[in-house]
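Participant: If it helps, the file is called protein-v7.csv and holds CSV, C-alpha atoms and all ligand atoms:
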chain,number,residue,atom,x,y,z
A,1,MET,CA,0.0,0.0,0.0
A,2,GLY,CA,1.7,3.2,-1.2
A,3,MET,CA,1.4,6.7,0.3
A,4,VAL,CA,-0.5,9.6,-1.2
A,5,LYS,CA,-0.6,13.3,-0.4
A,6,VAL,CA,-3.9,14.9,0.5
A,7,VAL,CA,-5.0,18.2,2.0
A,8,LEU,CA,-6.9,17.7,5.2
A,9,ASN,CA,-8.6,20.9,6.7
A,10,GLY,CA,-6.0,23.1,4.9
A,11,ARG,CA,-3.0,21.0,5.9
A,12,GLU,CA,-1.0,18.8,3.6
A,13,VAL,CA,-0.7,15.3,5.1
A,14,GLU,CA,0.4,11.8,4.0
A,15,ALA,CA,-2.2,9.0,3.9
A,16,ALA,CA,-2.0,5.4,3.1
A,17,ASN,CA,-3.5,4.8,-0.3
A,18,GLY,CA,-6.8,3.0,0.3
A,19,GLU,CA,-7.4,4.0,3.9
A,20,THR,CA,-10.7,5.7,4.6
A,21,ILE,CA,-11.0,9.5,5.2
A,22,LEU,CA,-12.5,8.7,8.6
A,23,ASN,CA,-9.4,6.6,9.5
A,24,LEU,CA,-7.1,9.4,8.3
A,25,ALA,CA,-9.0,12.1,10.2
A,26,ARG,CA,-8.9,10.0,13.4
A,27,ARG,CA,-5.1,9.5,13.0
A,28,TYR,CA,-4.7,13.3,13.0
A,29,GLY,CA,-7.0,13.7,16.0
A,30,ILE,CA,-9.9,15.1,14.0
A,31,GLU,CA,-13.3,14.0,15.2
A,32,ILE,CA,-16.0,13.2,12.7
A,33,PRO,CA,-19.4,12.1,14.0
A,34,THR,CA,-20.5,8.5,13.2
A,35,LEU,CA,-23.5,6.3,14.0
A,36,CYS,CA,-23.5,3.3,11.7
A,37,TYR,CA,-19.7,2.9,11.4
A,38,TYR,CA,-18.5,-0.4,12.8
A,39,GLU,CA,-14.8,-1.1,12.8
A,40,GLY,CA,-14.0,-3.3,9.8
A,41,TYR,CA,-17.7,-3.4,8.6
A,42,ALA,CA,-18.7,0.1,7.4
A,43,ASN,CA,-22.0,0.0,5.7
A,44,GLY,CA,-22.4,3.7,5.0
A,45,SER,CA,-26.1,3.8,5.9
A,46,CYS,CA,-26.4,6.9,8.2
A,47,ARG,CA,-24.3,9.4,6.3
A,48,ILE,CA,-23.6,11.4,9.4
A,49,CYS,CA,-19.9,11.2,8.8
A,50,VAL,CA,-20.3,13.3,5.6
A,51,VAL,CA,-17.3,15.6,4.7
A,52,GLU,CA,-16.6,17.8,1.7
A,53,VAL,CA,-14.1,16.3,-0.8
A,54,ASN,CA,-13.0,18.5,-3.7
A,55,GLY,CA,-16.4,20.3,-3.5
A,56,ARG,CA,-18.5,17.1,-3.2
A,57,LEU,CA,-20.2,15.7,-0.1
A,58,MET,CA,-19.0,12.1,0.7
A,59,PRO,CA,-19.4,9.7,3.6
A,60,SER,CA,-16.0,9.6,5.2
A,61,CYS,CA,-16.3,6.1,6.6
A,62,ILE,CA,-16.5,4.4,3.2
A,63,THR,CA,-14.6,6.9,1.0
A,64,LYS,CA,-11.0,6.0,0.4
A,65,VAL,CA,-8.3,8.6,0.2
A,66,SER,CA,-6.6,9.2,-3.1
A,67,GLU,CA,-3.8,11.5,-4.4
A,68,GLY,CA,-4.7,15.2,-4.4
A,69,MET,CA,-7.9,15.0,-2.5
A,70,LYS,CA,-8.9,18.2,-0.7
A,71,ILE,CA,-10.8,17.2,2.4
A,72,GLU,CA,-12.8,19.6,4.6
A,73,THR,CA,-14.4,17.9,7.6
A,74,GLU,CA,-16.1,21.0,9.1
A,75,SER,CA,-17.0,23.1,6.0
A,76,ILE,CA,-20.3,24.9,6.0
A,77,ARG,CA,-21.8,22.5,3.4
A,78,ALA,CA,-20.7,19.4,5.4
A,79,THR,CA,-22.0,20.9,8.7
A,80,GLU,CA,-25.3,21.8,7.1
A,81,ALA,CA,-25.6,18.4,5.5
A,82,ARG,CA,-25.0,16.7,8.9
A,83,LYS,CA,-27.7,18.9,10.5
A,84,THR,CA,-30.2,17.9,7.8
A,85,LEU,CA,-29.4,14.3,8.3
A,86,LEU,CA,-29.7,14.6,12.1
A,87,ARG,CA,-33.1,16.3,11.7
A,88,LEU,CA,-34.3,13.4,9.5
A,89,LEU,CA,-33.1,10.8,11.9
A,90,LEU,CA,-34.6,12.6,14.9
A,91,LYS,CA,-38.0,12.7,13.2
A,92,ASN,CA,-38.9,9.1,14.2
A,93,HIS,CA,-36.7,8.9,17.3
A,94,THR,CA,-38.0,8.6,20.9
A,95,HIS,CA,-36.7,7.7,24.3
A,96,ARG,CA,-38.5,6.7,27.5
A,97,SER,CA,-36.6,8.8,29.9
A,98,LYS,CA,-34.0,11.6,30.2
A,99,GLU,CA,-31.5,9.0,31.4
A,100,GLU,CA,-32.0,6.8,28.3
A,101,GLN,CA,-31.8,9.9,26.1
A,102,MET,CA,-28.4,10.7,27.7
A,103,ARG,CA,-27.2,7.3,26.5
A,104,CYS,CA,-27.9,8.2,22.9
A,105,ARG,CA,-25.2,9.4,20.6
A,106,LEU,CA,-27.7,10.8,18.1
A,107,CYS,CA,-29.2,13.0,20.9
A,108,ASP,CA,-25.6,14.0,21.8
A,109,TYR,CA,-25.0,15.1,18.2
A,110,ALA,CA,-28.3,16.9,18.1
A,111,ILE,CA,-27.4,19.0,21.1
A,112,LYS,CA,-23.9,19.6,19.7
A,113,TYR,CA,-25.3,20.9,16.4
A,114,GLY,CA,-27.9,23.1,18.1
A,115,LEU,CA,-31.0,20.9,17.5
A,116,GLU,CA,-33.6,19.6,19.9
A,117,PRO,CA,-32.8,16.0,21.1
A,118,ALA,CA,-35.5,13.3,20.8
A,119,PRO,CA,-38.7,13.7,22.7
A,120,ILE,CA,-39.4,11.6,25.8
A,121,ILE,CA,-42.4,9.4,25.9
A,122,PRO,CA,-42.4,7.2,29.0
A,123,ASP,CA,-45.0,4.7,27.9
A,124,ILE,CA,-43.7,4.2,24.4
A,125,LYS,CA,-44.2,0.6,23.1
A,126,ILE,CA,-41.1,-1.5,23.6
A,127,ASP,CA,-40.2,-5.2,23.3
A,128,ASP,CA,-39.5,-6.2,27.0
A,129,THR,CA,-40.1,-9.9,26.5
A,130,HIS,CA,-36.5,-10.8,27.0
A,131,PRO,CA,-35.2,-11.5,30.5
A,132,ALA,CA,-32.0,-9.5,30.1
A,133,ILE,CA,-32.4,-7.1,27.1
A,134,VAL,CA,-35.0,-4.4,26.3
A,135,PHE,CA,-35.6,-3.3,22.7
A,136,ASN,CA,-37.0,0.2,22.0
A,137,PRO,CA,-37.8,0.2,18.3
A,138,SER,CA,-38.6,3.9,18.3
A,139,ALA,CA,-35.0,4.7,19.4
A,140,CYS,CA,-33.6,2.6,16.5
A,141,VAL,CA,-32.0,4.4,13.6
A,142,MET,CA,-31.5,1.3,11.5
A,143,CYS,CA,-27.7,1.7,11.6
A,144,ARG,CA,-27.5,-2.1,11.5
A,145,LYS,CA,-24.6,-2.3,13.9
A,146,CYS,CA,-26.5,-4.8,16.1
A,147,VAL,CA,-27.1,-7.0,13.1
A,148,ILE,CA,-23.3,-7.0,12.3
A,149,ALA,CA,-22.5,-7.6,16.0
A,150,CYS,CA,-24.9,-10.5,16.3
A,151,SER,CA,-24.0,-12.2,13.0
A,152,ILE,CA,-20.4,-11.5,12.4
A,153,ASP,CA,-19.0,-11.0,15.9
A,154,GLN,CA,-21.1,-13.6,17.6
A,155,SER,CA,-22.1,-15.9,14.7
A,156,ASN,CA,-25.6,-16.0,16.1
A,157,ASP,CA,-27.8,-14.4,13.4
A,158,THR,CA,-30.7,-13.6,15.7
A,159,ILE,CA,-31.0,-9.9,14.8
A,160,THR,CA,-32.0,-9.3,11.2
A,161,VAL,CA,-33.4,-6.6,9.0
A,162,ILE,CA,-37.1,-7.3,8.3
A,163,GLY,CA,-39.5,-5.7,5.9
A,164,ARG,CA,-39.0,-3.5,2.8
A,165,GLY,CA,-39.0,0.2,2.0
A,166,LEU,CA,-40.6,2.4,4.8
A,167,ASP,CA,-41.5,-0.8,6.7
A,168,THR,CA,-37.9,-1.9,7.1
A,169,ARG,CA,-37.0,-2.5,10.7
A,170,VAL,CA,-34.8,-4.5,13.0
A,171,GLY,CA,-36.3,-7.8,14.1
A,172,PHE,CA,-35.4,-11.1,15.7
A,173,ASP,CA,-35.3,-14.4,13.9
A,174,LEU,CA,-38.4,-14.7,11.6
A,175,ASP,CA,-40.0,-11.7,13.3
A,176,VAL,CA,-40.7,-13.0,16.7
A,177,PRO,CA,-40.5,-11.1,20.1
A,178,MET,CA,-36.9,-11.0,21.4
A,179,GLY,CA,-37.8,-13.1,24.4
A,180,VAL,CA,-38.7,-16.1,22.3
A,181,SER,CA,-35.9,-15.7,19.8
A,182,SER,CA,-32.6,-17.6,19.5
A,183,CYS,CA,-30.8,-14.7,21.4
A,184,VAL,CA,-28.2,-16.1,23.7
A,185,SER,CA,-28.0,-12.9,25.8
A,186,CYS,CA,-24.3,-12.2,24.9
A,187,GLY,CA,-25.0,-8.4,25.0
A,188,ALA,CA,-22.9,-7.7,21.8
A,189,CYS,CA,-25.9,-5.8,20.4
A,190,ILE,CA,-26.1,-3.5,23.4
A,191,ASP,CA,-22.4,-2.6,23.1
A,192,ALA,CA,-22.9,-1.9,19.4
A,193,CYS,CA,-26.0,0.1,19.6
A,194,PRO,CA,-25.2,3.9,19.4
A,195,THR,CA,-28.7,5.1,20.4
A,196,GLY,CA,-29.7,3.0,23.4
A,197,ALA,CA,-32.4,1.2,21.4
A,198,LEU,CA,-31.0,-2.1,22.8
A,199,MET,CA,-30.1,-1.9,26.4
A,200,GLU,CA,-29.8,-4.0,29.6
A,201,ARG,CA,-33.1,-4.7,31.2
A,202,ASP,CA,-32.0,-3.6,34.7
A,203,TRP,CA,-29.9,-0.7,33.5
A,204,VAL,CA,-29.7,2.3,35.9
A,205,PRO,CA,-27.8,5.5,35.3
A,206,ALA,CA,-24.4,5.7,37.1
A,207,ASP,CA,-25.6,8.5,39.4
A,208,LYS,CA,-28.6,6.4,40.6
A,209,VAL,CA,-26.7,3.2,41.4
A,210,VAL,CA,-27.2,2.3,45.1
A,211,GLU,CA,-24.1,1.3,47.0
A,212,THR,CA,-24.7,-1.8,49.1
A,213,THR,CA,-22.6,-4.3,50.9
A,214,CYS,CA,-25.3,-7.0,50.8
A,215,PRO,CA,-25.7,-8.8,47.4
A,216,TYR,CA,-29.4,-9.6,48.1
A,217,CYS,CA,-31.0,-6.2,48.1
A,218,GLY,CA,-30.5,-2.7,46.7
A,219,THR,CA,-31.6,-0.8,49.8
A,220,GLY,CA,-28.0,0.4,50.4
A,221,CYS,CA,-28.1,0.3,54.2
A,222,GLN,CA,-24.3,-0.2,54.2
A,223,VAL,CA,-24.6,-2.8,57.1
A,224,GLU,CA,-21.2,-4.5,57.4
A,225,TYR,CA,-21.2,-8.2,57.8
A,226,GLY,CA,-18.3,-10.3,59.0
A,227,ILE,CA,-16.1,-10.6,62.1
A,228,LYS,CA,-14.5,-7.4,63.4
A,229,ASP,CA,-11.1,-7.3,65.1
B,1,LIG,FE1,-20.4,6.8,7.9
B,1,LIG,FE2,-22.7,6.1,9.0
B,1,LIG,S1,-20.9,6.5,10.0
B,1,LIG,S2,-22.3,6.4,6.9
Please render this file's structure as structure tokens.

Facilitator:
Amino acid sequence: MGMVKVVLNGREVEAANGETILNLARRYGIEIPTLCYYEGYANGSCRICVVEVNGRLMPSCITKVSEGMKIETESIRATEARKTLLRLLLKNHTHRSKEEQMRCRLCDYAIKYGLEPAPIIPDIKIDDTHPAIVFNPSACVMCRKCVIACSIDQSNDTITVIGRGLDTRVGFDLDVPMGVSSCVSCGACIDACPTGALMERDWVPADKVVETTCPYCGTGCQVEYGIKD
């Protein structure tokens, strides 16, 4: 793999021919927002990582560098395009609580780009049939990272993409509730999900965790058991 010269945010830099713009930017400490990017398996579906390359808007996670490229990661056009994409993704995006919203990278980006984060609807319909994992379809942005984590990382193939067109959605096996699917509770989908659509059933925010010495209850009385000197 040879080296090429490109201009990154006004600075001439060397890049490995064939590496992605996202990879190059990260090597130089430049942050580009991502939602669907999954190390080694970029699918280019969310487009949030858009940058301007020689005057054209390109998704940085799947665009490879080549000699003479002029890349702008924060140009006005790239920033406006990101804001438009964020608005579209936020249209059908809902969380059940402020705490869940704070786990969502899409909402973080919304705030960063001066937009309203997703609305909070406490009684939104979720799939809570699984003993360990909760799925909130209205927080899902169809980035497909959970599908990749389930099939490629874990060889399990429980999480799939179901339906077509506007009805496309994430589902389990042949469209059954998660609790009766072939899920083995590995949790890889939770780690992969950037929006908190898949999360631990008993998740509580760090600031609400109760310290307790007794493993049998969460009261947090801090009674000390054992023999004292
Ligand atoms: Fe590049 Fe989603 S992160 S298209």

Participant: Got a sec: who's within 8 Å of segment 158-161 of chain A, counting all atoms listed in the file, leaving out chain neighbours fewer than 4 positions off, as a PDB file with C-alpha atoms, in the coordinates of the input?

Facilitator:
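Saved file result16.pdb follows:
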ATOM      1  CA  ARG A 144     -27.500  -2.100  11.500  1.00  0.00           C
ATOM      2  CA  CYS A 146     -26.500  -4.800  16.100  1.00  0.00           C
ATOM      3  CA  VAL A 147     -27.100  -7.000  13.100  1.00  0.00           C
ATOM      4  CA  CYS A 150     -24.900 -10.500  16.300  1.00  0.00           C
ATOM      5  CA  SER A 151     -24.000 -12.200  13.000  1.00  0.00           C
ATOM      6  CA  THR A 168     -37.900  -1.900   7.100  1.00  0.00           C
ATOM      7  CA  ARG A 169     -37.000  -2.500  10.700  1.00  0.00           C
ATOM      8  CA  VAL A 170     -34.800  -4.500  13.000  1.00  0.00           C
ATOM      9  CA  GLY A 171     -36.300  -7.800  14.100  1.00  0.00           C
ATOM     10  CA  PHE A 172     -35.400 -11.100  15.700  1.00  0.00           C
ATOM     11  CA  ASP A 173     -35.300 -14.400  13.900  1.00  0.00           C
ATOM     12  CA  SER A 181     -35.900 -15.700  19.800  1.00  0.00           C
ATOM     13  CA  SER A 182     -32.600 -17.600  19.500  1.00  0.00           C
ATOM     14  CA  CYS A 183     -30.800 -14.700  21.400  1.00  0.00           C
TER      15      CYS A 183
END

Participant: Looking at all atoms listed in the file, which of A:Glu39, A:Asp175, A:Asp127, A:Glu67 is the one that sits closest to ligand LIG 1 (chain B)?

Facilitator: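 Among A:Glu39, A:Asp175, A:Asp127, A:Glu67, it is A:Glu39 that comes nearest to ligand LIG 1 (chain B).
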
Participant: Would you mind telling me which residue in A:Val4, A:Leu174, A:Ala188, A:Met142 lies nearest to Gly44 of chain A when using all atoms listed in the file?

Facilitator: A:Met142

Participant: Counting all atoms listed in the file, note down every residue that has an atom within 12 Å of the point (1.2, 17.7, -1.1) (file coordinates), as a list of chain:residue names.

Facilitator: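 Nearby residues: A:Met3, A:Val4, A:Lys5, A:Val6, A:Val7, A:Leu8, A:Gly10, A:Arg11, A:Glu12, A:Val13, A:Glu14, A:Ala15, A:Ser66, A:Glu67, A:Gly68, A:Met69, A:Lys70.
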
Participant: Could you list, as an mmCIF file with C-alpha atoms, in the coordinates of the input, all residues that come within 7 Å of ligand LIG 1 (chain B)? Count all atoms listed in the file.

Facilitator:
data_model
loop_
_atom_site.group_PDB
_atom_site.id
_atom_site.type_symbol
_atom_site.label_atom_id
_atom_site.label_comp_id
_atom_site.auth_asym_id
_atom_site.auth_seq_id
_atom_site.Cartn_x
_atom_site.Cartn_y
_atom_site.Cartn_z
ATOM 1 C CA THR A 34 -20.500 8.500 13.200
ATOM 2 C CA LEU A 35 -23.500 6.300 14.000
ATOM 3 C CA CYS A 36 -23.500 3.300 11.700
ATOM 4 C CA TYR A 37 -19.700 2.900 11.400
ATOM 5 C CA ALA A 42 -18.700 0.100 7.400
ATOM 6 C CA ASN A 43 -22.000 0.000 5.700
ATOM 7 C CA GLY A 44 -22.400 3.700 5.000
ATOM 8 C CA SER A 45 -26.100 3.800 5.900
ATOM 9 C CA CYS A 46 -26.400 6.900 8.200
ATOM 10 C CA ARG A 47 -24.300 9.400 6.300
ATOM 11 C CA ILE A 48 -23.600 11.400 9.400
ATOM 12 C CA CYS A 49 -19.900 11.200 8.800
ATOM 13 C CA VAL A 50 -20.300 13.300 5.600
ATOM 14 C CA PRO A 59 -19.400 9.700 3.600
ATOM 15 C CA SER A 60 -16.000 9.600 5.200
ATOM 16 C CA CYS A 61 -16.300 6.100 6.600
ATOM 17 C CA ILE A 62 -16.500 4.400 3.200
#

Participant: Show me, as an NGL selection string, the residues that have an atom within 9 Å of Ile133 of chain A when counting all atoms listed in the file, minus same-chain residues fewer than 3 positions from it.

Facilitator: :A and (127-130 or 178-179 or 185 or 187 or 190 or 198-202)

Participant: At what distance in Å, to one decimal, does atom CA of Lys91 of chain A lie from atom CA of Pro122 of chain A?

Facilitator: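 Separation of atom CA of Pro122 of chain A and atom CA of Lys91 of chain A: 17.3 Å.
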
Participant: Here is a test: counting all atoms listed in the file, which residue of A:Leu88, A:Ala192, A:Val180, A:Cys143 is nearest to Ala118 of chain A?

Facilitator: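 Between A:Leu88, A:Ala192, A:Val180, A:Cys143, the residue approaching Ala118 of chain A most closely is A:Leu88.
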
Participant: Between A:Ser75, A:Gln101, A:Asn92, A:Thr20, which is the closest to Thr63 of chain A once you count all atoms listed in the file?

Facilitator: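 Ranked by minimum distance to Thr63 of chain A, first place goes to A:Thr20.
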
Participant: Any idea what the distance is between atom CA of Gly2 of chain A and atom CA of Glu19 of chain A?

Facilitator: 10.5 Å

Participant: Quick one: of A:Asp167, A:Asp153, A:Glu116, A:Glu100, who's nearest to Ala139 of chain A, counting all atoms listed in the file?

Facilitator: A:Glu100

Participant: May I have the centre and edge lengths, in Å to one decimal, of an axis-aligned box around the listed atoms of segment 133-146 of chain A with 8 Å added to every side, as lines of an AutoDock Vina configuration file?

Facilitator:
center_x = -31.6
center_y = -1.2
center_z = 19.3
size_x = 30.0
size_y = 27.8
size_z = 31.6

Participant: One decimal, in Å: what's the spacing between atom CA of Cys107 of chain A and atom CA of Lys64 of chain A?

Facilitator: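 Distance reported for this atom pair: 28.3 Å.
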
Participant: Export N, CA and C atoms of segment 74-98 of chain A from the structure just given, as a short mmCIF file (atom, residue, chain, number, x, y, z; two decimals), in the first residue's frame?

Facilitator:
data_model
loop_
_atom_site.label_atom_id
_atom_site.label_comp_id
_atom_site.auth_asym_id
_atom_site.auth_seq_id
_atom_site.Cartn_x
_atom_site.Cartn_y
_atom_site.Cartn_z
N GLU A 74 -15.15 20.13 8.37
CA GLU A 74 -16.08 21.03 9.06
C GLU A 74 -16.52 22.18 8.16
N SER A 75 -16.54 21.99 6.86
CA SER A 75 -16.97 23.08 5.97
C SER A 75 -18.45 23.39 6.22
N ILE A 76 -18.89 24.55 5.76
CA ILE A 76 -20.29 24.94 5.98
C ILE A 76 -21.22 23.92 5.33
N ARG A 77 -20.88 23.46 4.14
CA ARG A 77 -21.76 22.49 3.44
C ARG A 77 -21.83 21.17 4.20
N ALA A 78 -20.67 20.69 4.67
CA ALA A 78 -20.65 19.41 5.40
C ALA A 78 -21.45 19.55 6.70
N THR A 79 -21.27 20.65 7.39
CA THR A 79 -21.98 20.86 8.66
C THR A 79 -23.49 20.95 8.43
N GLU A 80 -23.89 21.69 7.39
CA GLU A 80 -25.33 21.82 7.11
C GLU A 80 -25.92 20.47 6.70
N ALA A 81 -25.16 19.70 5.91
CA ALA A 81 -25.64 18.37 5.50
C ALA A 81 -25.84 17.48 6.72
N ARG A 82 -24.89 17.53 7.66
CA ARG A 82 -25.00 16.74 8.89
C ARG A 82 -26.25 17.14 9.68
N LYS A 83 -26.49 18.45 9.76
CA LYS A 83 -27.67 18.91 10.50
C LYS A 83 -28.96 18.41 9.85
N THR A 84 -29.00 18.44 8.52
CA THR A 84 -30.19 17.95 7.81
C THR A 84 -30.40 16.46 8.10
N LEU A 85 -29.30 15.70 8.04
CA LEU A 85 -29.40 14.25 8.31
C LEU A 85 -29.84 14.01 9.75
N LEU A 86 -29.32 14.79 10.68
CA LEU A 86 -29.72 14.64 12.08
C LEU A 86 -31.21 14.91 12.25
N ARG A 87 -31.69 15.98 11.59
CA ARG A 87 -33.13 16.31 11.68
C ARG A 87 -33.97 15.14 11.18
N LEU A 88 -33.55 14.54 10.06
CA LEU A 88 -34.32 13.42 9.48
C LEU A 88 -34.32 12.22 10.43
N LEU A 89 -33.15 11.91 11.00
CA LEU A 89 -33.07 10.77 11.91
C LEU A 89 -33.87 11.02 13.19
N LEU A 90 -33.91 12.28 13.62
CA LEU A 90 -34.62 12.60 14.87
C LEU A 90 -36.14 12.60 14.69
N LYS A 91 -36.60 12.65 13.44
CA LYS A 91 -38.05 12.67 13.16
C LYS A 91 -38.79 11.50 13.80
N ASN A 92 -38.19 10.31 13.69
CA ASN A 92 -38.86 9.12 14.24
C ASN A 92 -38.06 8.54 15.39
N HIS A 93 -37.60 9.39 16.26
CA HIS A 93 -36.69 8.92 17.31
C HIS A 93 -37.24 9.34 18.66
N THR A 94 -37.44 8.37 19.56
CA THR A 94 -38.05 8.65 20.86
C THR A 94 -37.37 7.84 21.96
N HIS A 95 -37.25 8.44 23.13
CA HIS A 95 -36.74 7.70 24.29
C HIS A 95 -37.78 7.67 25.40
N ARG A 96 -37.57 6.77 26.38
CA ARG A 96 -38.54 6.65 27.47
C ARG A 96 -38.21 7.55 28.66
N SER A 97 -36.97 7.98 28.77
CA SER A 97 -36.59 8.81 29.92
C SER A 97 -35.40 9.68 29.56
N LYS A 98 -35.17 10.67 30.38
CA LYS A 98 -34.01 11.56 30.20
C LYS A 98 -32.73 10.74 30.29
#
